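Below is one structure; the comments refer to it alone.
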Amino acid sequence: MKVAFLDRDGTLIYEPPDGIIRPENFRILPGVFASLKSLKEHGYKLVMITNQDLTVNDDSEENFKQTQKILLDELAREGIAFDEIFLCPHSEEDHCNCRKPKTGMVDAFFHEHDIDLSVSFVVGDRENADGGFAQNIRVRYIRKGTNDAFPSFEEVRKLMNTAS
Ligand SMILES: [Mg+2]
Ligand SMILES: [Zn+2]
């Protein structure tokens, strides 16, 4: 199966300079709806892969819950649903095995599904976390700038057809 592994913060939604996404500053980045719809239409499974240190501030978990609900509701209104959502709630110091670029979030998913690595990809805005994750699961990394518009399906297709 074909999988689009998508980072959340700075990739699907706006990430403010202080890195704290709250309902007040929530917004979905340009291009997300159209591109995710096209990916679905072309048979891609949508999988969210997000590092969220839920202990960094007192309200981190609440902020995450609220903004995640807004995101999923807005996507649903456009007819878009994620097939899987994987979250690492740990901090760097926890030394967990699921914080990107590590692959613990998706290890079981990879065991359970036959994933076509040649057409699957990661979209993310952090070279270390997202680029490293893509490398570790051996799929193409599509890099986007933090808060840039989400690449269109045509751009994704073009990139996937280019030798890496
Ligand atoms: Mg990000
Ligand atoms: Zn973790």
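In the structure tokens, the first chain shown is A, the next is B, and so on; residue numbers restart at 1 for each chain, and ligands run from 1 in the order shown.
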Practice problem: Around ligand 1, at most 12 Å away and counting only C-alpha atoms and all ligand atoms, which residues are there? Put them as an MDAnalysis selection string, please. | Solution: chainID A and resid 6:16 19:21 48:52 100:101 122:131 143:148
Closest pair table for chain A residues within 12 Å of ligand 2, only C-alpha atoms and all ligand atoms, as JSON lines:
{"residue": "A:Ile49", "atom": "CA", "partner": "ligand 2", "partner_atom_place_in_ligand_line": "1 (Zn)", "distance": 11.1}
{"residue": "A:Thr50", "atom": "CA", "partner": "ligand 2", "partner_atom_place_in_ligand_line": "1 (Zn)", "distance": 9.7}
{"residue": "A:Asn51", "atom": "CA", "partner": "ligand 2", "partner_atom_place_in_ligand_line": "1 (Zn)", "distance": 7.4}
{"residue": "A:Gln52", "atom": "CA", "partner": "ligand 2", "partner_atom_place_in_ligand_line": "1 (Zn)", "distance": 8.5}
{"residue": "A:Asp53", "atom": "CA", "partner": "ligand 2", "partner_atom_place_in_ligand_line": "1 (Zn)", "distance": 8.5}
{"residue": "A:Leu54", "atom": "CA", "partner": "ligand 2", "partner_atom_place_in_ligand_line": "1 (Zn)", "distance": 10.4}
{"residue": "A:Thr55", "atom": "CA", "partner": "ligand 2", "partner_atom_place_in_ligand_line": "1 (Zn)", "distance": 11.9}
{"residue": "A:Phe86", "atom": "CA", "partner": "ligand 2", "partner_atom_place_in_ligand_line": "1 (Zn)", "distance": 10.0}
{"residue": "A:Leu87", "atom": "CA", "partner": "ligand 2", "partner_atom_place_in_ligand_line": "1 (Zn)", "distance": 7.5}
{"residue": "A:Cys88", "atom": "CA", "partner": "ligand 2", "partner_atom_place_in_ligand_line": "1 (Zn)", "distance": 4.0}
{"residue": "A:Pro89", "atom": "CA", "partner": "ligand 2", "partner_atom_place_in_ligand_line": "1 (Zn)", "distance": 5.5}
{"residue": "A:His90", "atom": "CA", "partner": "ligand 2", "partner_atom_place_in_ligand_line": "1 (Zn)", "distance": 4.5}
{"residue": "A:Ser91", "atom": "CA", "partner": "ligand 2", "partner_atom_place_in_ligand_line": "1 (Zn)", "distance": 7.1}
{"residue": "A:Glu92", "atom": "CA", "partner": "ligand 2", "partner_atom_place_in_ligand_line": "1 (Zn)", "distance": 8.2}
{"residue": "A:Glu93", "atom": "CA", "partner": "ligand 2", "partner_atom_place_in_ligand_line": "1 (Zn)", "distance": 10.0}
{"residue": "A:Asp94", "atom": "CA", "partner": "ligand 2", "partner_atom_place_in_ligand_line": "1 (Zn)", "distance": 7.5}
{"residue": "A:His95", "atom": "CA", "partner": "ligand 2", "partner_atom_place_in_ligand_line": "1 (Zn)", "distance": 7.4}
{"residue": "A:Cys96", "atom": "CA", "partner": "ligand 2", "partner_atom_place_in_ligand_line": "1 (Zn)", "distance": 4.6}
{"residue": "A:Asn97", "atom": "CA", "partner": "ligand 2", "partner_atom_place_in_ligand_line": "1 (Zn)", "distance": 5.7}
{"residue": "A:Cys98", "atom": "CA", "partner": "ligand 2", "partner_atom_place_in_ligand_line": "1 (Zn)", "distance": 3.9}
{"residue": "A:Arg99", "atom": "CA", "partner": "ligand 2", "partner_atom_place_in_ligand_line": "1 (Zn)", "distance": 4.2}
{"residue": "A:Lys100", "atom": "CA", "partner": "ligand 2", "partner_atom_place_in_ligand_line": "1 (Zn)", "distance": 7.9}
{"residue": "A:Pro101", "atom": "CA", "partner": "ligand 2", "partner_atom_place_in_ligand_line": "1 (Zn)", "distance": 10.2}
{"residue": "A:Lys102", "atom": "CA", "partner": "ligand 2", "partner_atom_place_in_ligand_line": "1 (Zn)", "distance": 8.5}
{"residue": "A:Thr103", "atom": "CA", "partner": "ligand 2", "partner_atom_place_in_ligand_line": "1 (Zn)", "distance": 9.4}
{"residue": "A:Gly104", "atom": "CA", "partner": "ligand 2", "partner_atom_place_in_ligand_line": "1 (Zn)", "distance": 7.5}
{"residue": "A:Met105", "atom": "CA", "partner": "ligand 2", "partner_atom_place_in_ligand_line": "1 (Zn)", "distance": 7.5}
{"residue": "A:Val106", "atom": "CA", "partner": "ligand 2", "partner_atom_place_in_ligand_line": "1 (Zn)", "distance": 11.2}
For C-alpha atoms, I'd like the residues from the last selection saved as a PDB file, in the first residue's frame.
ATOM      1  CA  ILE A  49       3.505  11.179  12.600  1.00  0.00           C
ATOM      2  CA  THR A  50       4.040  13.811  15.237  1.00  0.00           C
ATOM      3  CA  ASN A  51       6.500  14.444  18.045  1.00  0.00           C
ATOM      4  CA  GLN A  52       4.675  16.217  20.866  1.00  0.00           C
ATOM      5  CA  ASP A  53       6.468  16.774  24.105  1.00  0.00           C
ATOM      6  CA  LEU A  54       3.331  16.867  26.234  1.00  0.00           C
ATOM      7  CA  THR A  55       5.181  17.638  29.443  1.00  0.00           C
ATOM      8  CA  PHE A  86       0.931   8.232  15.606  1.00  0.00           C
ATOM      9  CA  LEU A  87       2.167  10.421  18.409  1.00  0.00           C
ATOM     10  CA  CYS A  88       5.334  10.475  20.458  1.00  0.00           C
ATOM     11  CA  PRO A  89       4.464  12.285  23.711  1.00  0.00           C
ATOM     12  CA  HIS A  90       7.990  12.157  25.100  1.00  0.00           C
ATOM     13  CA  SER A  91      10.794  14.626  25.462  1.00  0.00           C
ATOM     14  CA  GLU A  92      14.291  14.161  24.166  1.00  0.00           C
ATOM     15  CA  GLU A  93      15.497  13.289  27.689  1.00  0.00           C
ATOM     16  CA  ASP A  94      13.067  10.378  27.921  1.00  0.00           C
ATOM     17  CA  HIS A  95      15.163   8.524  25.337  1.00  0.00           C
ATOM     18  CA  CYS A  96      12.087   6.724  24.076  1.00  0.00           C
ATOM     19  CA  ASN A  97      12.157   4.691  20.908  1.00  0.00           C
ATOM     20  CA  CYS A  98       9.306   6.554  19.234  1.00  0.00           C
ATOM     21  CA  ARG A  99      10.517  10.152  18.944  1.00  0.00           C
ATOM     22  CA  LYS A 100      11.313  10.955  15.313  1.00  0.00           C
ATOM     23  CA  PRO A 101      13.804  10.288  13.732  1.00  0.00           C
ATOM     24  CA  LYS A 102      13.359   6.976  15.559  1.00  0.00           C
ATOM     25  CA  THR A 103      10.763   4.647  14.102  1.00  0.00           C
ATOM     26  CA  GLY A 104       9.012   3.223  17.181  1.00  0.00           C
ATOM     27  CA  MET A 105       5.770   5.001  16.287  1.00  0.00           C
ATOM     28  CA  VAL A 106       5.383   3.010  13.095  1.00  0.00           C
TER      29      VAL A 106
END
Exercise. Using CA of Val139 (chain A) and CA of Glu155 (chain A) as the two end points, give the distance in Å to one decimal.
Key: 16.6 Å
Self-check item: DSSP strand (DSSP E or B) selection over chain A, as a PyMOL selection string
Solution: chain A and resi 2-6+9+13+28+44-51+84-88+121-124+140-143
Exercise. Would you please extract all helix (DSSP H, G or I) residues from chain A, as assigned by DSSP on the backbone, and give them as an MDAnalysis selection string?
Key: chainID A and resid 23:25 32:41 60:77 92:94 107:112 127:137 153:161
Self-check item: From A:Leu39, A:Arg22, A:Val56, A:Phe110, residue lying nearest Ile70 (chain A) [only C-alpha atoms]
Solution: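 Closest candidate: A:Arg22.
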Quiz item: A:Asn25, A:Gln68, A:Ser120, A:Ser35: which is nearest Val3 (chain A), counting only C-alpha atoms?
Solution: A:Ser120
Exercise. Just the residues within 12 Å of Ser118 (chain A), please, counting only C-alpha atoms, with nothing from its chain fewer than 4 positions along; format it as a ChimeraX atom specification.
Key: /A:1-4,114,122,134,137-141,160-164
Quiz item: In Å, with one decimal, what is the gap from CA of Pro151 (chain A) to CA of Phe26 (chain A)?
Solution: 19.7 Å
Exercise. One decimal, Å: what's the distance from CA of Phe64 (chain A) over to CA of Gly132 (chain A), could you say?
Key: 23.7 Å
Exercise. Find the residues around Lys40 (chain A) up to 12 Å (only C-alpha atoms counted), leave out those fewer than 4 positions away in its own chain, and share them as a list in words.
Key: Lys2, Val3, Ala4, Phe33, Ala34, Ser35, Leu36, Tyr44, Lys45, Leu46, Val47, Gly79, Ile80, Ala81, Phe82, Asp83 and Phe153 of chain A
